[in-house]
file data.cif (mmCIF, C-alpha atoms)
data_query
loop_
_atom_site.label_atom_id
_atom_site.label_comp_id
_atom_site.auth_asym_id
_atom_site.auth_seq_id
_atom_site.Cartn_x
_atom_site.Cartn_y
_atom_site.Cartn_z
CA MET M 1 -14.75 -31.90 -30.28
CA HIS M 2 -11.58 -32.10 -32.32
CA GLU M 3 -9.96 -34.57 -29.93
CA LEU M 4 -10.72 -37.48 -32.26
CA GLY M 5 -8.63 -35.76 -34.94
CA ILE M 6 -5.88 -35.14 -32.40
CA ALA M 7 -5.99 -38.84 -31.42
CA MET M 8 -5.76 -39.81 -35.09
CA ALA M 9 -2.69 -37.61 -35.55
CA ILE M 10 -1.05 -39.30 -32.55
CA LEU M 11 -1.85 -42.77 -33.89
CA GLU M 12 -0.51 -41.94 -37.36
CA ARG M 13 2.80 -41.07 -35.75
CA VAL M 14 2.76 -44.30 -33.71
CA GLU M 15 2.01 -46.32 -36.85
CA ARG M 16 5.05 -44.86 -38.57
CA GLU M 17 7.19 -45.74 -35.57
CA ALA M 18 5.66 -49.23 -35.49
CA ALA M 19 6.60 -49.79 -39.12
CA ALA M 20 10.19 -48.69 -38.41
CA HIS M 21 10.53 -51.13 -35.50
CA ALA M 22 8.51 -54.08 -36.84
CA PRO M 23 7.97 -56.72 -35.72
CA ALA M 24 8.44 -55.12 -32.28
CA ARG M 25 5.17 -53.57 -31.17
CA PRO M 26 4.59 -50.10 -29.74
CA VAL M 27 2.96 -50.40 -26.35
CA ARG M 28 2.71 -46.88 -25.05
CA VAL M 29 2.71 -43.32 -26.37
CA GLY M 30 3.45 -40.36 -24.13
CA VAL M 31 1.96 -36.94 -24.91
CA ARG M 32 2.03 -33.55 -23.24
CA ILE M 33 -1.22 -31.60 -23.10
CA GLY M 34 -1.15 -28.02 -21.86
CA GLU M 35 -3.90 -26.31 -19.91
CA PHE M 36 -4.06 -23.77 -22.77
CA SER M 37 -3.77 -26.28 -25.62
CA GLY M 38 -7.50 -26.28 -26.30
CA VAL M 39 -7.56 -30.07 -25.94
CA ASP M 40 -9.68 -31.85 -23.35
CA ARG M 41 -7.84 -34.77 -21.76
CA ASP M 42 -10.91 -36.93 -21.17
CA SER M 43 -12.20 -36.48 -24.71
CA LEU M 44 -8.74 -37.28 -26.05
CA ALA M 45 -8.52 -40.48 -23.98
CA PHE M 46 -12.02 -41.48 -25.10
CA GLY M 47 -11.22 -40.92 -28.79
CA PHE M 48 -7.86 -42.66 -28.47
CA GLU M 49 -9.38 -45.77 -26.87
CA ALA M 50 -12.14 -45.91 -29.47
CA LEU M 51 -9.64 -45.76 -32.34
CA VAL M 52 -7.21 -48.27 -30.84
CA LYS M 53 -9.87 -50.84 -30.01
CA ASN M 54 -9.91 -53.68 -32.54
CA SER M 55 -7.10 -52.02 -34.51
CA ALA M 56 -3.65 -53.48 -35.24
CA LEU M 57 -2.24 -51.23 -32.52
CA GLU M 58 -4.32 -52.76 -29.71
CA PRO M 59 -3.30 -52.81 -26.90
CA LEU M 60 -1.63 -49.40 -26.92
CA ALA M 61 -1.61 -47.19 -23.85
CA LEU M 62 -1.83 -43.41 -23.82
CA GLU M 63 0.05 -41.54 -21.15
CA VAL M 64 -0.81 -37.89 -20.76
CA GLU M 65 1.40 -35.44 -18.96
CA TYR M 66 -0.81 -32.46 -18.15
CA CYS M 67 1.06 -29.17 -18.20
CA ARG M 68 -0.28 -26.30 -16.15
CA ARG M 69 -0.16 -22.72 -17.33
CA ARG M 70 3.23 -21.40 -16.22
CA TYR M 71 4.63 -17.91 -15.95
CA ALA M 72 8.18 -16.74 -15.31
CA CYS M 73 9.26 -13.69 -13.36
CA ARG M 74 11.63 -11.20 -14.99
CA ALA M 75 12.56 -9.72 -11.61
CA CYS M 76 13.69 -12.82 -9.72
CA GLY M 77 13.78 -15.44 -12.46
CA SER M 78 11.50 -17.94 -10.78
CA GLU M 79 8.94 -19.94 -12.75
CA PHE M 80 5.55 -20.74 -11.28
CA ALA M 81 2.25 -22.45 -12.10
CA VAL M 82 -0.57 -19.93 -12.40
CA GLU M 83 -3.39 -20.48 -9.93
CA ASN M 84 -6.73 -18.72 -10.38
CA TYR M 85 -5.35 -16.36 -13.01
CA GLU M 86 -2.98 -14.77 -10.49
CA LEU M 87 -0.09 -13.61 -12.64
CA ASP M 88 2.08 -11.83 -10.05
CA CYS M 89 5.19 -13.70 -8.93
CA PRO M 90 4.50 -15.68 -5.73
CA GLN M 91 8.19 -15.45 -4.79
CA CYS M 92 8.90 -11.72 -4.99
CA GLY M 93 5.49 -10.20 -5.77
CA SER M 94 6.63 -8.62 -9.05
CA SER M 95 4.03 -8.14 -11.76
CA ASP M 96 6.73 -8.22 -14.46
CA THR M 97 5.98 -11.81 -15.50
CA HIS M 98 5.55 -13.54 -18.82
CA PHE M 99 4.06 -16.71 -20.28
CA ALA M 100 6.45 -19.63 -19.96
CA GLY M 101 4.39 -22.68 -20.90
CA GLY M 102 1.06 -24.42 -20.81
CA ASP M 103 0.04 -24.58 -24.49
CA GLU M 104 1.80 -27.90 -25.19
CA LEU M 105 0.33 -30.38 -27.63
CA ASP M 106 3.31 -32.64 -28.13
CA ILE M 107 4.20 -36.28 -28.64
CA ALA M 108 7.04 -36.88 -26.20
CA TYR M 109 7.91 -40.54 -26.71
CA ILE M 110 6.78 -43.92 -27.94
CA GLU M 111 7.63 -47.09 -26.03
CA VAL M 112 8.40 -50.13 -28.14
CA GLU M 113 8.70 -53.77 -27.03
CA ASP M 114 12.20 -55.21 -27.07
CA GLN M 115 12.81 -57.90 -29.62
CA MET Z 1 10.97 -52.05 -23.39
CA SER Z 2 12.75 -49.25 -25.18
CA ARG Z 3 11.67 -45.66 -25.38
CA VAL Z 4 11.84 -43.77 -28.66
CA VAL Z 5 12.08 -40.05 -28.07
CA VAL Z 6 9.79 -38.31 -30.53
CA GLU Z 7 9.45 -34.72 -29.23
CA GLN Z 8 7.30 -33.23 -31.92
CA LYS Z 9 4.02 -31.39 -32.18
CA VAL Z 10 0.99 -33.66 -32.40
CA LEU Z 11 -0.23 -31.48 -35.27
CA ASN Z 12 3.15 -31.60 -36.98
CA GLU Z 13 1.68 -31.96 -40.46
CA ASN Z 14 -0.72 -29.04 -39.95
CA GLN Z 15 2.19 -27.03 -38.61
CA ARG Z 16 4.29 -27.80 -41.67
CA ILE Z 17 1.60 -26.62 -44.08
CA ALA Z 18 0.88 -23.57 -41.93
CA ALA Z 19 4.57 -22.62 -42.01
CA GLU Z 20 4.55 -22.91 -45.82
CA LEU Z 21 1.46 -20.73 -46.03
CA ARG Z 22 2.99 -18.17 -43.65
CA ALA Z 23 6.07 -17.96 -45.85
CA ARG Z 24 3.91 -17.53 -48.96
CA PHE Z 25 1.86 -14.77 -47.30
CA GLN Z 26 5.01 -13.03 -46.17
CA GLU Z 27 6.57 -13.21 -49.59
CA ALA Z 28 3.38 -11.91 -51.19
CA GLY Z 29 3.27 -9.00 -48.75
CA LEU Z 30 -0.22 -9.76 -47.52
CA LEU Z 31 -1.67 -9.76 -44.02
CA CYS Z 32 -3.55 -12.94 -43.15
CA LEU Z 33 -5.88 -12.83 -40.14
CA ASN Z 34 -7.82 -15.69 -38.55
CA PHE Z 35 -11.15 -14.60 -37.00
CA ILE Z 36 -12.42 -16.87 -34.24
CA SER Z 37 -15.53 -16.60 -32.07
CA ALA Z 38 -18.47 -18.53 -30.70
CA PRO Z 39 -21.37 -18.96 -33.14
CA GLY Z 40 -23.38 -15.75 -33.40
CA SER Z 41 -20.84 -13.28 -32.00
CA GLY Z 42 -20.83 -11.41 -35.28
CA LYS Z 43 -17.74 -12.47 -37.23
CA THR Z 44 -19.54 -12.22 -40.56
CA SER Z 45 -21.09 -8.84 -39.67
CA LEU Z 46 -17.68 -7.52 -38.66
CA LEU Z 47 -16.23 -8.75 -41.96
CA GLU Z 48 -19.08 -7.13 -43.90
CA LYS Z 49 -18.41 -3.78 -42.20
CA THR Z 50 -14.68 -4.23 -42.76
CA LEU Z 51 -15.08 -4.94 -46.47
CA ALA Z 52 -17.37 -1.94 -46.82
CA ALA Z 53 -14.76 0.26 -45.11
CA PHE Z 54 -11.82 -0.67 -47.35
CA LYS Z 55 -10.83 2.07 -49.74
CA GLU Z 56 -10.44 1.72 -53.47
CA GLY Z 57 -7.12 0.16 -54.25
CA GLU Z 58 -7.01 -2.04 -51.12
CA ARG Z 59 -6.97 -5.62 -52.29
CA VAL Z 60 -8.78 -8.12 -50.10
CA ALA Z 61 -9.94 -11.73 -50.25
CA VAL Z 62 -12.02 -13.67 -47.76
CA LEU Z 63 -12.27 -17.32 -46.84
CA THR Z 64 -15.18 -18.26 -44.63
CA GLY Z 65 -15.60 -21.58 -42.87
CA ASP Z 66 -18.84 -23.24 -41.86
CA ILE Z 67 -19.95 -26.77 -41.26
CA GLN Z 68 -22.74 -26.37 -43.81
CA THR Z 69 -24.18 -23.79 -46.24
CA GLU Z 70 -22.65 -21.19 -48.55
CA ASN Z 71 -24.60 -18.39 -46.85
CA ASP Z 72 -21.64 -16.47 -45.47
CA ALA Z 73 -19.72 -16.42 -48.75
CA ARG Z 74 -22.83 -15.10 -50.47
CA ARG Z 75 -23.16 -12.36 -47.84
CA LEU Z 76 -19.50 -11.39 -48.23
CA GLN Z 77 -19.37 -11.50 -52.04
CA ARG Z 78 -21.69 -8.48 -52.21
CA TYR Z 79 -18.81 -6.16 -51.36
CA GLY Z 80 -16.96 -6.67 -54.58
CA PHE Z 81 -14.08 -8.72 -53.20
CA PRO Z 82 -13.45 -12.40 -53.86
CA ALA Z 83 -14.96 -14.54 -51.08
CA ARG Z 84 -14.89 -18.31 -50.94
CA GLN Z 85 -16.77 -20.66 -48.66
CA ILE Z 86 -15.06 -23.62 -47.03
CA THR Z 87 -17.70 -26.11 -45.93
CA THR Z 88 -16.09 -28.53 -43.54
CA GLY Z 89 -18.96 -31.03 -43.57
CA GLY Z 90 -18.96 -31.55 -39.83
CA THR Z 91 -15.44 -30.60 -38.80
CA CYS Z 92 -15.51 -28.00 -36.03
CA HIS Z 93 -12.51 -25.94 -37.19
CA LEU Z 94 -10.47 -25.00 -40.24
CA ASP Z 95 -7.02 -26.52 -40.71
CA ALA Z 96 -4.04 -25.42 -42.79
CA ARG Z 97 -4.70 -27.93 -45.57
CA MET Z 98 -8.22 -26.56 -46.08
CA ILE Z 99 -6.75 -23.09 -46.49
CA GLU Z 100 -4.08 -24.29 -48.91
CA LYS Z 101 -6.75 -25.99 -51.02
CA ALA Z 102 -9.20 -23.08 -50.91
CA LEU Z 103 -6.56 -20.57 -52.05
CA ALA Z 104 -6.21 -22.60 -55.26
CA ASP Z 105 -5.81 -20.16 -58.15
CA TRP Z 106 -5.78 -16.90 -56.18
CA GLU Z 107 -2.71 -14.82 -56.97
CA LEU Z 108 -1.42 -13.97 -53.51
CA PRO Z 109 0.92 -11.14 -54.60
CA GLU Z 110 -2.18 -9.35 -55.89
CA LEU Z 111 -3.66 -9.25 -52.39
CA ASP Z 112 -3.04 -6.98 -49.41
CA TYR Z 113 -5.32 -8.81 -46.98
CA LEU Z 114 -6.55 -12.38 -46.61
CA LEU Z 115 -9.29 -12.54 -43.98
CA ILE Z 116 -10.23 -16.00 -42.75
CA GLU Z 117 -13.46 -16.49 -40.84
CA ASN Z 118 -13.15 -19.70 -38.86
CA VAL Z 119 -16.00 -22.04 -37.94
CA GLY Z 120 -17.97 -20.61 -34.99
CA ASN Z 121 -16.29 -22.33 -32.06
CA LEU Z 122 -14.03 -21.05 -29.29
CA VAL Z 123 -12.27 -24.33 -28.58
CA CYS Z 124 -11.06 -26.37 -31.55
CA PRO Z 125 -9.86 -23.58 -33.89
CA SER Z 126 -7.38 -22.54 -31.21
CA SER Z 127 -5.31 -25.68 -31.83
CA TYR Z 128 -4.87 -25.22 -35.60
CA ASP Z 129 -2.40 -22.75 -37.04
CA LEU Z 130 -3.57 -21.55 -40.47
CA GLY Z 131 -0.42 -19.61 -41.28
CA GLU Z 132 -2.06 -16.36 -40.17
CA ALA Z 133 -0.09 -13.38 -38.87
CA ALA Z 134 -2.55 -13.02 -36.01
CA LYS Z 135 -5.67 -14.54 -34.55
CA ILE Z 136 -8.51 -12.21 -33.65
CA VAL Z 137 -11.04 -13.36 -31.10
CA VAL Z 138 -14.49 -11.82 -31.33
CA MET Z 139 -16.90 -11.89 -28.41
CA SER Z 140 -20.16 -10.04 -28.03
CA VAL Z 141 -21.83 -8.31 -25.11
CA THR Z 142 -24.77 -10.73 -25.23
CA GLU Z 143 -22.41 -13.47 -24.02
CA GLY Z 144 -21.05 -13.89 -20.50
CA GLU Z 145 -18.28 -11.61 -19.26
CA ASP Z 146 -16.40 -14.76 -18.23
CA LYS Z 147 -15.91 -16.08 -21.78
CA PRO Z 148 -12.12 -15.47 -21.58
CA LEU Z 149 -11.87 -17.45 -18.34
CA LYS Z 150 -13.92 -20.33 -19.73
CA TYR Z 151 -12.04 -20.50 -23.04
CA PRO Z 152 -8.55 -19.32 -22.09
CA SER Z 153 -6.70 -21.07 -24.94
CA ILE Z 154 -8.09 -18.91 -27.73
CA PHE Z 155 -7.80 -15.71 -25.69
CA HIS Z 156 -4.20 -16.58 -24.91
CA LYS Z 157 -3.36 -17.15 -28.57
CA SER Z 158 -5.14 -14.11 -30.02
CA GLU Z 159 -3.53 -10.75 -30.54
CA LEU Z 160 -6.69 -8.66 -30.54
CA CYS Z 161 -10.07 -9.07 -28.88
CA VAL Z 162 -13.01 -7.40 -30.59
CA ILE Z 163 -15.99 -6.90 -28.29
CA ASN Z 164 -18.94 -6.72 -30.65
CA LYS Z 165 -22.56 -5.52 -30.37
CA ALA Z 166 -21.48 -2.67 -28.09
CA ASP Z 167 -24.61 -0.71 -29.12
CA LEU Z 168 -26.62 -3.11 -26.95
CA LEU Z 169 -24.76 -2.22 -23.74
CA PRO Z 170 -27.43 0.22 -22.42
CA HIS Z 171 -29.99 -2.59 -22.59
CA LEU Z 172 -27.94 -5.25 -20.86
CA ARG Z 173 -26.44 -5.94 -17.47
CA TYR Z 174 -23.15 -6.83 -19.17
CA ASP Z 175 -20.23 -5.46 -17.15
CA ILE Z 176 -17.77 -4.42 -19.83
CA ALA Z 177 -15.09 -3.43 -17.30
CA MET Z 178 -15.24 -6.95 -15.88
CA ALA Z 179 -15.08 -8.44 -19.38
CA ARG Z 180 -11.96 -6.40 -20.09
CA ARG Z 181 -10.41 -7.49 -16.79
CA ASN Z 182 -11.12 -11.12 -17.65
CA VAL Z 183 -9.50 -10.76 -21.06
CA ARG Z 184 -6.39 -9.28 -19.46
CA GLN Z 185 -6.23 -11.98 -16.78
CA VAL Z 186 -5.79 -14.55 -19.49
CA HIS Z 187 -3.71 -12.36 -21.81
CA PRO Z 188 -2.30 -9.24 -20.14
CA GLN Z 189 -1.04 -7.67 -23.40
CA MET Z 190 -4.24 -8.23 -25.36
CA GLU Z 191 -5.49 -5.30 -27.38
CA ILE Z 192 -9.24 -4.75 -27.06
CA ILE Z 193 -11.53 -2.82 -29.40
CA GLU Z 194 -15.25 -2.35 -28.74
CA VAL Z 195 -17.31 -2.21 -31.91
CA SER Z 196 -20.88 -2.10 -33.09
CA CYS Z 197 -21.63 -3.34 -36.58
CA VAL Z 198 -25.02 -1.57 -36.29
CA THR Z 199 -23.94 1.95 -35.32
CA GLY Z 200 -20.39 1.81 -36.66
CA LEU Z 201 -18.91 2.49 -33.21
CA GLY Z 202 -15.28 1.42 -33.02
CA LEU Z 203 -14.97 0.61 -36.70
CA GLN Z 204 -12.49 3.41 -37.25
CA PRO Z 205 -10.02 2.21 -34.58
CA TRP Z 206 -10.52 -1.29 -35.92
CA MET Z 207 -9.62 -0.30 -39.49
CA THR Z 208 -6.63 1.63 -38.15
CA TRP Z 209 -5.49 -1.46 -36.23
CA LEU Z 210 -5.90 -3.56 -39.38
CA ARG Z 211 -3.89 -1.22 -41.61
CA GLU Z 212 -1.12 -0.74 -39.07
CA ARG Z 213 -0.99 -4.50 -38.53
CA ARG Z 214 -0.48 -5.01 -42.23
CA THR Z 215 2.36 -2.51 -42.32
CA ALA Z 216 4.00 -4.37 -39.41
CA ALA Z 217 3.45 -7.79 -41.00
CA VAL Z 218 4.95 -6.76 -44.31
CA ALA Z 219 7.95 -5.21 -42.55
CA ALA Z 220 8.78 -8.16 -40.27
CA PRO Z 221 8.19 -11.89 -40.67
CA ALA Z 222 5.35 -13.16 -38.47
CA GLN Z 223 6.02 -15.88 -35.94
CA PRO Z 224 3.50 -18.71 -35.45
#

call {"tool": "encode", "arguments": {"input": "data.cif", "output": "structure tokens"}}
result
Amino acid sequence: MHELGIAMAILERVEREAAAHAPARPVRVGVRIGEFSGVDRDSLAFGFEALVKNSALEPLALEVEYCRRRYACRACGSEFAVENYELDCPQCGSSDTHFAGGDELDIAYIEVEDQ
Amino acid sequence: MSRVVVEQKVLNENQRIAAELRARFQEAGLLCLNFISAPGSGKTSLLEKTLAAFKEGERVAVLTGDIQTENDARRLQRYGFPARQITTGGTCHLDARMIEKALADWELPELDYLLIENVGNLVCPSSYDLGEAAKIVVMSVTEGEDKPLKYPSIFHKSELCVINKADLLPHLRYDIAMARRNVRQVHPQMEIIEVSCVTGLGLQPWMTWLRERRTAAVAAPAQP
């Protein structure tokens, strides 16, 4: 259960952005959470809501883009989402594939009200 | 509404400190390893056997993380190397700042190895870079063979998987071939060493891995 700490890190970043754009308010923060990030989306949303409630940032929305585990094929170059731990390329059947994404834990953007 | 593009890691600050630590370790010529497992898989036992196996002249220090108690540091101090406890007081993982603080007055150039035992937890420690050259995930044969599938993040991010308590295999229905397959499904290139801290099985390949890993780390800068 480190999602509360993750939520705090997100909010600290939003607060800095809020200060830079004051008095315009931040209304939404977009994050990317990978399947292999070690972060649970529901716990993150729960912690985020709890921290935002009754704070100066309320109301602030959290938008999560969930990123599946992805592999890329060295033989044919295609990139694919891994289903059921099947790592062979679904396009050409090659087993020469490598990790190409899915461990994201990123802040993508912050939406701020127009003044 | 206007959108401010941020595009940075959520744990940016942790990442910054971890990168500083990694540079310090590299400059000092020491190998830093981050040991992660579920509670009770035998991280401390593995470290005890490791410390006992180091030869004279090998310079080692240990940091060990727990939510409460100094028990592990006391266990590890008996081997004649400096060992410090980090008590997190409830936090389920170590972060880079805790490591920076715990290193305090230790002279890094006088060390060859810094071994960090994380808090027993297969989830949260996987998100926090400590500046280590490699993460090592420890699992034991008294756990399910499907641990890698249930906790893929840490198995994905680790370089080596130690399967501990291998002496118990004759008494269990644990399917070690399946466990190995599961590890490789999550991380095809993962190195796997079976050990027993009771019989000493596998400790020799483990110490060889450790020493070769240090040679590699000193030769080439580690990537996070």

call {"tool": "closest_residue", "arguments": {"input": "data.cif", "among": "M:Ser94, M:Glu86, M:Ala50, M:Arg68", "to": "chain Z", "atoms": "all atoms listed in the file"}}
result
M:Glu86

call {"tool": "interface_residues", "arguments": {"input": "data.cif", "of": "chain Z", "to": "chain M", "cutoff": "6 Å", "atoms": "only C-alpha atoms", "output": "ChimeraX atom specification"}}
result
/Z:1-10,123-124,127,153,185

call {"tool": "residues_around", "arguments": {"input": "data.cif", "residues": "range 138-152 of chain Z", "least_positions_apart": "4", "cutoff": "7 Å", "atoms": "only C-alpha atoms", "output": "JSON, numbers by chain"}}
result
{"M": [36], "Z": [36, 37, 41, 43, 122, 123, 156, 161, 162, 163, 164, 165, 166, 169, 174, 175, 178, 179, 182, 183, 186]}

call {"tool": "residues_around", "arguments": {"input": "data.cif", "residues": "range 78-91 of chain Z", "least_positions_apart": "3", "cutoff": "9 Å", "atoms": "only C-alpha atoms", "output": "list in words"}}
result
Met1 and His2 of chain M; Glu48, Leu51, Ala52, Arg59, Val60, Ala61, Val62, Leu63, Thr64, Gly65, Asp66, Ile67, Gln68, Thr69, Glu70, Asn71, Asp72, Ala73, Arg74, Arg75, Leu94, Met98, Ile99, Ala102, Leu103 and Val119 of chain Z

call {"tool": "write_last_selection", "arguments": {"input": "data.cif", "atoms": "C-alpha atoms", "output": "compact mmCIF listing (two decimals), in the coordinates of the input"}}
result
# COMPACT_ATOMS: atom_id res chain seq x y z
CA MET M 1 -14.75 -31.90 -30.28
CA HIS M 2 -11.58 -32.10 -32.32
CA GLU Z 48 -19.08 -7.13 -43.90
CA LEU Z 51 -15.08 -4.94 -46.47
CA ALA Z 52 -17.37 -1.94 -46.82
CA ARG Z 59 -6.97 -5.62 -52.29
CA VAL Z 60 -8.78 -8.12 -50.10
CA ALA Z 61 -9.94 -11.73 -50.25
CA VAL Z 62 -12.02 -13.67 -47.76
CA LEU Z 63 -12.27 -17.32 -46.84
CA THR Z 64 -15.18 -18.26 -44.63
CA GLY Z 65 -15.60 -21.58 -42.87
CA ASP Z 66 -18.84 -23.24 -41.86
CA ILE Z 67 -19.95 -26.77 -41.26
CA GLN Z 68 -22.74 -26.37 -43.81
CA THR Z 69 -24.18 -23.79 -46.24
CA GLU Z 70 -22.65 -21.19 -48.55
CA ASN Z 71 -24.60 -18.39 -46.85
CA ASP Z 72 -21.64 -16.47 -45.47
CA ALA Z 73 -19.72 -16.42 -48.75
CA ARG Z 74 -22.83 -15.10 -50.47
CA ARG Z 75 -23.16 -12.36 -47.84
CA LEU Z 94 -10.47 -25.00 -40.24
CA MET Z 98 -8.22 -26.56 -46.08
CA ILE Z 99 -6.75 -23.09 -46.49
CA ALA Z 102 -9.20 -23.08 -50.91
CA LEU Z 103 -6.56 -20.57 -52.05
CA VAL Z 119 -16.00 -22.04 -37.94

call {"tool": "atom_distance", "arguments": {"input": "data.cif", "atom1": "CA of Glu191 in chain Z", "atom2": "CA of Glu58 in chain Z"}}
result
24.0 Å

call {"tool": "decode", "arguments": {"input": "data.cif", "residues": "range 78-130 of chain Z", "atoms": "C-alpha atoms", "output": "compact mmCIF listing (two decimals), in the first residue's frame"}}
result
# COMPACT_ATOMS: atom_id res chain seq x y z
CA ARG Z 78 27.69 -10.62 14.07
CA TYR Z 79 29.67 -11.17 10.88
CA GLY Z 80 32.10 -8.37 11.47
CA PHE Z 81 30.81 -6.00 8.79
CA PRO Z 82 29.01 -2.72 9.41
CA ALA Z 83 25.24 -3.23 9.32
CA ARG Z 84 22.65 -0.54 9.90
CA GLN Z 85 18.93 -0.87 10.45
CA ILE Z 86 16.47 1.43 8.70
CA THR Z 87 13.17 1.34 10.57
CA THR Z 88 10.54 2.84 8.35
CA GLY Z 89 7.89 3.16 11.08
CA GLY Z 90 5.08 1.84 8.93
CA THR Z 91 6.25 2.55 5.40
CA CYS Z 92 6.13 -0.62 3.30
CA HIS Z 93 9.31 0.01 1.27
CA LEU Z 94 12.66 1.78 1.33
CA ASP Z 95 13.15 4.89 -0.78
CA ALA Z 96 16.28 6.61 -2.05
CA ARG Z 97 16.22 9.33 0.61
CA MET Z 98 16.25 6.72 3.39
CA ILE Z 99 19.34 5.18 1.82
CA GLU Z 100 21.06 8.55 1.44
CA LYS Z 101 20.40 9.32 5.10
CA ALA Z 102 21.42 5.88 6.37
CA LEU Z 103 24.76 5.98 4.53
CA ALA Z 104 25.65 9.07 6.57
CA ASP Z 105 29.32 8.83 7.54
CA TRP Z 106 30.20 5.60 5.70
CA GLU Z 107 33.17 6.08 3.40
CA LEU Z 108 31.90 4.58 0.15
CA PRO Z 109 35.32 4.27 -1.55
CA GLU Z 110 36.29 1.94 1.29
CA LEU Z 111 33.53 -0.51 0.32
CA ASP Z 112 33.29 -3.16 -2.38
CA TYR Z 113 29.68 -4.14 -1.72
CA LEU Z 114 26.63 -2.38 -0.30
CA LEU Z 115 23.84 -4.89 0.27
CA ILE Z 116 20.39 -3.45 0.93
CA GLU Z 117 17.69 -5.66 2.39
CA ASN Z 118 14.35 -4.07 1.57
CA VAL Z 119 11.20 -4.31 3.68
CA GLY Z 120 9.52 -7.71 3.17
CA ASN Z 121 7.02 -6.91 0.43
CA LEU Z 122 6.83 -7.89 -3.23
CA VAL Z 123 4.78 -4.92 -4.39
CA CYS Z 124 5.80 -1.47 -3.16
CA PRO Z 125 9.62 -1.80 -3.22
CA SER Z 126 9.40 -2.45 -6.95
CA SER Z 127 8.43 1.18 -7.59
CA TYR Z 128 11.38 2.78 -5.76
CA ASP Z 129 14.83 2.96 -7.28
CA LEU Z 130 17.49 3.03 -4.55
